[in-house]
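Novice: Sharing a structure here in structure tokens format.
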Amino acid sequence: MTEDVPGQDAISAYLDGELDDRERDAVAARLAATAEWRAVMAEVREARALVRALPARDAPPGLWRFLEGTLASTPVQPVGAARTSAARPGGSRARRGAVRTVAAVAVAAAIGAFVLLPGRSSTRPPVATFVETHAARSSVSEEPVSQLAPVAVPVRLRR
Amino acid sequence: MPTWEEVARDHGRFLYTVAFRLTGNDDDAQDLVQEALLRVRWGLASYQPGSLEGWLAKIVTNVFLDEVRRRRRRPSDALPDEPEQVLPPSRGADEDAARATLSDEVQAALADLPVEFRVPVVLCDVADRSYEEIAAVLGVPIGTVRSRIHRGRRRLRAALVERGVR
């Protein structure tokens, strides 16, 4: 009777808990007996840990509102219906412009509020949120840049 | 059944993270998320209750692979897995030392992996999908998934050593 010898790719599956009992025992035995397998295990374990430790990535400010406005205006198609690129709402360039503008406005507003209101009041309006909200709503319904005029709002907060 | 707005609100970060790890840059990740949400919207009626994030991972992966295939048919378009397209332009050693964080290096090495290795690694280690789910998404046997994940991790580790990170 010939005993199955696992291939080295079983090492990753071993780490991921993807082996049945027989395979797991075979890999464990091989790891105990072979320095090369232990070295590979160390490499793979490290790579796996590094990727798993990558932080979650937040979308740029304004993306979800932009998509909400854009996708809401798109007709729901039946599953499997043919689609062309023309059916794709809100092209990349328009979206990127809007999202970047909204992000820049939000940052500028936050900085402006910080500079213009240095501890003068115990009430701090959420300027960045207001501006982002209004700017995003404008940008999804109209041409993205010219509709962002209300971003001068923080100036009115001066006393 | 969730609405697509709920999907975007409650799972948007997951969706964007997977998209970013697959594409390696924010612009392509936004394109990917936009197209994926369109498909989510169109597909919600047929969604079977189960792992919503598994379903989302499948959709975003399919959109990504469609785009890779489309770009391969049009060589003038940059492929997302071409290193020069996803890595910063050549940087000096000093700048490297100042800017690079471990996460940046890992992300760059991940983006440098060929698509056939990157996708299963991302689905396993970022989207936390099982080998069985990954095999179903990619339409390949589980043994292929196992092999690609293992080889992808080894390549990633070798790339990090080459970069002087490890």
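As shown in the structure tokens, the chain order sets the letters A, B, ...; within each chain, residues go from 1, and ligands are also counted from 1 in the order they appear.
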Taking only C-alpha atoms into account, which residues of chain B are within 7 Å of chain A, as a count of residues only?

Specialist: 20

Novice: Just want the 8 Å neighbourhood of Val60 in chain B, counted on only C-alpha atoms, with same-chain residues fewer than 4 positions away dropped. Output as a PyMOL selection string.

Specialist: chain B and resi 15+18-19+32-33+36+56+64

Novice: For the helix (DSSP H, G or I) assignment from backbone DSSP, which residues of range 7-149 of chain B qualify? Please present them as a VMD selection string.

Specialist: chain B and resid 7 to 23 26 to 46 52 to 73 83 to 86 93 to 99 102 to 112 115 to 125 131 to 138 142 to 149

Novice: Just give me the gap between CA of Glu162 in chain B and CA of Ala109 in chain B in Å, one decimal is fine.

Specialist: 9.9 Å

Novice: Tell me, in Å to one decimal, how far CA of Phe117 in chain B is from CA of Asp26 in chain B.

Specialist: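 Between CA of Phe117 in chain B and CA of Asp26 in chain B the gap is 20.6 Å.
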
Novice: So how many Å separate CA of Pro120 in chain B and CA of Arg72 in chain B, to one decimal?

Specialist: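 Separation of CA of Pro120 in chain B and CA of Arg72 in chain B: 19.5 Å.
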